[in-house]
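Have a look at data34.tsv; it's TSV, C-alpha atoms:
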chain	number	residue	atom	x	y	z
A	59	MET	CA	69.00	86.97	94.88
A	60	GLU	CA	72.29	86.54	93.04
A	61	SER	CA	73.56	89.66	91.26
A	62	ARG	CA	75.76	89.55	88.19
A	63	LEU	CA	78.81	91.77	88.16
A	64	GLU	CA	79.53	93.46	84.86
A	65	ARG	CA	83.22	93.33	83.98
A	66	LYS	CA	84.87	96.52	82.83
A	67	LYS	CA	86.04	96.80	79.25
A	68	LEU	CA	89.79	96.26	78.92
A	69	HIS	CA	91.77	99.40	78.20
A	70	ASN	CA	93.24	99.55	74.65
A	71	ILE	CA	91.19	96.56	73.41
A	72	GLU	CA	90.15	98.59	70.36
A	73	HIS	CA	93.75	98.72	69.11
A	74	VAL	CA	94.11	94.95	68.51
A	75	ASN	CA	91.81	92.84	66.35
A	76	SER	CA	89.98	89.94	68.00
A	77	MET	CA	91.75	87.15	66.09
A	78	HIS	CA	95.14	88.54	67.07
A	79	TYR	CA	94.03	88.90	70.70
A	80	GLU	CA	92.80	85.29	70.79
A	81	ALA	CA	96.04	84.00	69.27
A	82	VAL	CA	98.11	85.78	71.91
A	83	GLY	CA	95.71	84.40	74.53
A	84	ARG	CA	96.50	80.85	73.40
A	85	LEU	CA	100.21	81.65	73.59
A	86	CYS	CA	99.66	82.86	77.15
A	87	GLU	CA	97.87	79.64	78.14
A	88	SER	CA	100.78	77.59	76.83
A	89	LEU	CA	103.24	79.76	78.72
A	90	ARG	CA	101.26	79.46	81.97
A	91	LYS	CA	101.17	75.67	81.66
A	92	LYS	CA	104.94	75.61	81.20
A	93	TYR	CA	105.56	77.99	84.11
A	94	PRO	CA	102.65	77.46	86.55
A	95	ALA	CA	102.07	80.26	89.09
A	96	MET	CA	104.96	82.31	87.68
A	97	ILE	CA	103.13	84.53	85.17
A	98	ALA	CA	101.64	87.61	86.82
A	99	SER	CA	100.50	89.30	83.61
A	100	LEU	CA	100.82	89.08	79.86
A	101	LEU	CA	100.49	92.32	77.92
A	102	ILE	CA	100.30	93.46	74.31
A	103	LYS	CA	102.01	96.77	73.65
A	104	ARG	CA	99.64	99.13	71.91
A	105	PRO	CA	100.79	99.83	68.34
A	106	ASP	CA	101.24	103.39	67.10
A	107	SER	CA	99.33	103.09	63.85
A	108	GLY	CA	96.45	100.73	64.56
A	109	ALA	CA	98.21	97.65	63.14
A	110	ASP	CA	98.59	94.43	65.10
A	111	ALA	CA	100.85	94.70	68.11
A	112	SER	CA	104.56	94.19	67.57
A	113	GLU	CA	105.56	93.14	71.10
A	114	ILE	CA	104.27	91.21	74.09
A	115	ILE	CA	105.47	91.71	77.63
A	116	VAL	CA	105.47	88.88	80.18
A	117	VAL	CA	105.35	90.11	83.79
A	118	VAL	CA	106.97	87.44	85.99
A	119	ASP	CA	105.55	87.02	89.52
A	120	ASP	CA	108.45	87.29	91.94
A	121	PHE	CA	106.21	88.35	94.84
A	122	ASN	CA	104.83	84.86	95.44
A	123	SER	CA	107.79	82.83	94.14
A	124	THR	CA	111.56	83.06	94.15
A	125	VAL	CA	112.62	83.88	90.62
A	126	LEU	CA	116.17	83.67	89.31
A	127	ASP	CA	117.50	85.85	86.48
A	128	GLN	CA	117.95	82.68	84.43
A	129	THR	CA	114.25	81.90	84.85
A	130	VAL	CA	113.28	85.31	83.47
A	131	ASP	CA	115.52	84.70	80.45
A	132	ASP	CA	114.03	81.23	79.98
A	133	ILE	CA	110.47	82.65	80.03
A	134	LYS	CA	111.43	85.29	77.47
A	135	VAL	CA	112.94	82.63	75.18
A	136	SER	CA	109.92	80.34	75.61
A	137	ALA	CA	107.53	83.18	74.76
A	138	SER	CA	109.55	83.94	71.62
A	139	GLU	CA	109.53	80.26	70.58
A	140	LEU	CA	105.76	79.98	71.14
A	141	ALA	CA	105.18	83.16	69.12
A	142	TYR	CA	107.34	81.81	66.29
A	143	SER	CA	105.59	78.43	66.23
A	144	SER	CA	102.21	80.19	66.24
A	145	LYS	CA	103.32	82.36	63.29
A	146	LEU	CA	102.81	85.48	65.40
A	147	ARG	CA	105.27	88.14	64.31
A	148	LEU	CA	105.97	89.42	67.80
A	149	LYS	CA	108.94	90.50	69.82
A	150	CYS	CA	108.80	89.12	73.35
A	151	ASP	CA	110.17	90.53	76.57
A	152	ALA	CA	109.92	89.56	80.24
A	153	ILE	CA	110.18	91.74	83.35
A	154	LEU	CA	109.85	91.11	87.07
A	155	ALA	CA	106.66	92.29	88.75
A	156	SER	CA	108.72	93.81	91.59
A	157	SER	CA	110.80	95.86	89.11
A	158	LEU	CA	107.66	97.07	87.36
A	159	TRP	CA	106.12	98.01	90.70
A	160	GLU	CA	109.20	99.94	91.86
A	161	SER	CA	109.31	101.88	88.59
A	162	PHE	CA	105.57	102.53	88.79
A	163	VAL	CA	105.86	103.92	92.34
A	164	SER	CA	108.74	106.18	91.26
A	165	ARG	CA	106.67	107.15	88.20
A	166	GLU	CA	109.28	106.42	85.59
A	167	GLU	CA	107.88	107.68	82.32
A	168	SER	CA	108.67	104.53	80.31
A	169	VAL	CA	106.79	102.33	82.79
A	170	MET	CA	103.90	104.80	83.09
A	171	ALA	CA	103.60	104.68	79.30
A	172	LEU	CA	103.71	100.87	79.40
A	173	VAL	CA	100.93	100.72	82.00
A	174	ARG	CA	98.84	103.31	80.16
A	175	ASN	CA	99.21	101.95	76.63
A	176	THR	CA	99.13	98.16	76.91
A	177	LEU	CA	96.31	95.65	76.48
A	178	VAL	CA	96.05	92.97	79.18
A	179	VAL	CA	95.71	89.43	77.83
A	180	TYR	CA	96.11	87.75	81.23
A	181	ASP	CA	96.44	89.13	84.75
A	182	ASN	CA	96.47	87.52	88.19
A	183	GLY	CA	95.30	90.76	89.82
A	184	PHE	CA	98.61	92.63	89.75
A	185	PHE	CA	98.58	94.77	86.59
A	186	ILE	CA	94.94	95.75	85.93
A	187	PRO	CA	94.54	97.70	89.22
A	188	LEU	CA	97.66	99.75	88.38
A	189	GLN	CA	96.32	100.48	84.90
A	190	GLU	CA	92.89	101.41	86.22
A	191	LEU	CA	94.35	103.81	88.80
A	192	LEU	CA	96.54	105.47	86.18
A	193	VAL	CA	93.99	105.70	83.34
A	194	THR	CA	91.24	107.02	85.62
A	195	GLY	CA	93.54	109.74	86.98
A	196	LYS	CA	93.79	108.42	90.52
A	197	ILE	CA	97.59	108.35	90.33
A	198	ARG	CA	99.14	111.80	90.30
A	199	PRO	CA	101.63	112.22	87.45
A	200	SER	CA	105.22	113.12	88.17
A	201	LYS	CA	106.67	116.49	87.22
A	202	GLU	CA	108.86	114.68	84.70
A	203	SER	CA	105.88	113.06	82.95
A	204	VAL	CA	104.05	116.40	82.79
A	205	LYS	CA	107.16	117.92	81.24
A	206	VAL	CA	107.32	115.09	78.70
A	207	TYR	CA	103.77	115.83	77.56
A	208	PHE	CA	104.56	119.51	77.09
A	209	VAL	CA	107.60	118.54	75.00
A	210	LYS	CA	105.31	116.31	72.92
A	211	ALA	CA	102.86	119.19	72.52
A	212	GLU	CA	105.60	121.53	71.33
A	213	ARG	CA	106.78	118.92	68.81
A	214	SER	CA	103.22	118.47	67.55
A	215	ILE	CA	102.79	122.22	67.09
A	216	LYS	CA	106.07	122.39	65.17
A	217	SER	CA	105.06	119.38	63.09
A	218	SER	CA	101.69	120.92	62.24
A	219	ALA	CA	103.40	124.11	61.06
A	220	GLU	CA	105.73	122.04	58.86
A	221	HIS	CA	102.72	120.23	57.39
A	222	VAL	CA	101.11	123.56	56.46
A	223	SER	CA	104.32	124.62	54.72
A	224	LYS	CA	104.42	121.32	52.85
A	225	ALA	CA	100.78	121.80	51.86
A	226	VAL	CA	101.68	125.18	50.32
A	227	LEU	CA	104.44	123.46	48.32
A	228	ASP	CA	101.85	120.95	47.11
A	229	LEU	CA	99.68	123.87	45.96
A	230	TYR	CA	102.70	125.40	44.21
A	231	TRP	CA	103.26	122.21	42.21
A	232	ALA	CA	99.54	121.99	41.40
A	233	VAL	CA	99.66	125.54	40.01
A	234	THR	CA	102.92	124.91	38.14
A	235	ASP	CA	101.76	121.63	36.58
A	236	SER	CA	98.42	123.04	35.45
A	237	ALA	CA	100.19	126.12	34.00
A	238	HIS	CA	102.59	123.88	32.09
A	239	ALA	CA	99.62	121.96	30.67
A	240	ALA	CA	98.05	125.24	29.52
A	241	VAL	CA	101.16	126.56	27.78
A	242	MET	CA	101.64	123.21	26.00
A	243	VAL	CA	98.07	123.44	24.70
A	244	ALA	CA	98.99	126.92	23.44
A	245	GLY	CA	101.88	125.34	21.50
A	246	ILE	CA	104.63	126.66	23.77
A	247	THR	CA	107.50	124.63	25.23
A	248	PRO	CA	107.07	124.66	29.01
A	249	PRO	CA	109.47	127.22	30.49
A	250	SER	CA	111.33	126.93	33.79
A	251	PRO	CA	109.30	127.75	36.93
A	252	LYS	CA	111.21	131.04	37.18
A	253	GLU	CA	109.99	132.13	33.72
A	254	LEU	CA	106.53	130.59	33.93
A	255	ALA	CA	104.65	133.67	35.20
A	256	GLU	CA	106.16	135.93	32.53
A	257	THR	CA	105.30	133.40	29.81
A	258	LEU	CA	101.68	133.22	30.95
A	259	LYS	CA	101.37	137.00	31.07
A	260	ARG	CA	102.91	137.43	27.63
A	261	GLU	CA	101.30	134.53	25.78
A	262	LEU	CA	97.92	134.04	27.45
A	263	VAL	CA	96.96	136.98	29.69
A	264	ALA	CA	97.93	139.63	27.11
A	265	ARG	CA	95.70	137.86	24.55
A	266	ASN	CA	92.79	137.66	27.03
A	267	LEU	CA	92.84	133.87	26.93
A	268	ILE	CA	93.00	133.54	30.73
A	269	HIS	CA	92.19	135.85	33.65
A	270	LYS	CA	94.71	138.59	34.36
A	271	ARG	CA	95.12	137.31	37.96
A	272	CYS	CA	96.78	134.11	36.75
A	273	GLY	CA	100.23	135.57	36.09
A	274	ASP	CA	100.32	137.21	39.51
A	275	ILE	CA	99.23	133.95	41.18
A	276	VAL	CA	102.12	132.05	39.57
A	277	ASP	CA	104.50	134.81	40.71
A	278	ARG	CA	103.14	134.55	44.26
A	279	PHE	CA	103.50	130.78	44.45
A	280	TYR	CA	106.99	130.80	42.96
A	281	ASP	CA	108.08	133.35	45.55
A	282	VAL	CA	106.65	131.50	48.57
A	283	ALA	CA	107.85	128.07	47.36
A	284	LYS	CA	111.40	129.38	46.97
A	285	LYS	CA	111.34	130.82	50.50
A	286	VAL	CA	109.94	127.61	52.00
A	287	MET	CA	112.48	125.41	50.20
A	288	HIS	CA	115.36	127.69	51.19
A	289	LYS	CA	114.17	127.71	54.84
A	290	GLU	CA	113.50	131.44	54.75
A	291	ILE	CA	109.92	130.71	55.88
A	292	PHE	CA	109.24	128.17	58.64
A	293	GLU	CA	105.60	128.85	59.43
A	294	ILE	CA	102.51	129.87	57.45
A	295	SER	CA	99.38	130.97	59.26
A	296	GLY	CA	96.00	129.40	58.66
A	297	ARG	CA	94.70	132.63	57.15
A	298	GLU	CA	97.65	132.76	54.72
A	299	PHE	CA	97.10	129.12	53.77
A	300	ASP	CA	93.43	129.78	53.07
A	301	SER	CA	94.50	132.61	50.76
A	302	TYR	CA	96.98	130.36	48.93
A	303	PHE	CA	94.39	127.61	48.61
A	304	SER	CA	91.83	130.05	47.20
A	305	ASP	CA	94.33	131.34	44.64
A	306	ALA	CA	95.36	127.82	43.62
A	307	ASP	CA	91.75	126.71	43.27
A	308	PHE	CA	90.92	129.72	41.11
A	309	PHE	CA	94.04	129.24	38.97
A	310	ILE	CA	93.50	125.52	38.33
A	311	LYS	CA	89.89	126.13	37.30
A	312	GLU	CA	91.08	128.82	34.86
A	313	MET	CA	93.68	126.47	33.38
A	314	ASP	CA	91.10	123.69	33.15
A	315	ASP	CA	88.67	125.95	31.27
A	316	PHE	CA	91.45	127.08	28.92
A	317	VAL	CA	92.59	123.52	28.17
A	318	LYS	CA	89.04	122.27	27.56
A	319	THR	CA	88.36	125.19	25.22
A	320	HIS	CA	91.58	125.11	23.20
A	321	PHE	CA	92.82	121.53	23.31
A	322	LYS	CA	92.48	119.91	19.88
A	323	ARG	CA	92.55	116.12	19.63

Just give me the structure of the file as structure tokens.
Amino acid sequence: MESRLERKKLHNIEHVNSMHYEAVGRLCESLRKKYPAMIASLLIKRPDSGADASEIIVVVDDFNSTVLDQTVDDIKVSASELAYSSKLRLKCDAILASSLWESFVSREESVMALVRNTLVVYDNGFFIPLQELLVTGKIRPSKESVKVYFVKAERSIKSSAEHVSKAVLDLYWAVTDSAHAAVMVAGITPPSPKELAETLKRELVARNLIHKRCGDIVDRFYDVAKKVMHKEIFEISGREFDSYFSDADFFIKEMDDFVKTHFKR
């Protein structure tokens, strides 16, 4: 009884839409017809943001054929011309299979990233086994690649902290803009951010038109925004951010109630 073998799903296929994949496949067929038995693999580099790929890599088979440097350049140029004629906005590059293999064995980070993050359009049996071994964890990473990932992790942590600080600045502007709207409804020329809290306390809080917390909230946001913008504060904890968000939410609702009650068309 004949059994059917189920082919494994290609790694990174989800990052390229089907029409784009098929178009690159046609380019590959044309390239293989022009250079028979010389194309080991054709790869699409995985994009960073989910858009169509911006580069294809042609792996030239120099294990089974003698390949001159000029031939590699010719293949690269031909791939670029085919991409242009097919209206595919792609950069094209070509590398020798032996060079890729040597870099893979020595675990060069750039090649490990290439093997890990590319989509195979065509392969003669050279590239997919390397990718499968790497992606499934059967190739031990080098110390350098482990170090690279820790550096990436540290950058991500720093970036997340910067995003929290930026989010607090966004809350500051939300508080400031809503306060300016309220004082304009009260018939007052919007003061500078430095004088905004005092104006609210004098003109609105003292007359019981808004909650007494509002002046203190504006003071608090002005203080933290100044420190963030002057690089006196680099990180804000999640608990602190929750507190700022709660204050901003309360303040904006108070300003909204005041405006709806006192705004005259």

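If you measure from each of A:Ser138, A:Ser236, A:Gln189, A:Thr247 to His69 (chain A) using all atoms listed in the file, the closest one turns out to be A:Gln189.
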
Using only C-alpha atoms, pick whichever of A:Met96, A:Val116, A:Ile186, A:Val178 has the shortest atom-to-atom distance to Glu80 (chain A).
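When distances to Glu80 (chain A) are compared using only C-alpha atoms, the smallest one comes from A:Val178.
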
Using only C-alpha atoms: which of A:Val118, A:Ala141, A:Leu229, A:Leu101 has the shortest distance to Ser157 (chain A):
A:Val118

Residues proximal to (95.3, 87.6, 83.0) were defined as those with any atom within 8 Å of that point in the file's coordinates, counting all atoms listed in the file. Which are they, as number ranges by chain?
A: 98-100, 178-183

Counting all atoms listed in the file, which residue out of A:Thr124, A:Leu262, A:Leu188, A:Ile115 sits closest to Ile153 (chain A)?
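Using all atoms listed in the file, Ile153 (chain A) sits closest to A:Ile115.
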
Surrounding residues of Val317 (chain A) excluding itself and chain neighbours under 6 positions, 9 Å, only C-alpha atoms, as a PyMOL selection string:
chain A and resi 239-240+243-244

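Among the candidates A:Leu148, A:Ser156, A:Gly245, A:Lys103, the one nearest to Ser123 (chain A) when counting only C-alpha atoms is A:Ser156.
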
Report the distance between CA of Leu68 (chain A) and CA of Ile197 (chain A) in Å, rounded to one decimal place.
18.4 Å
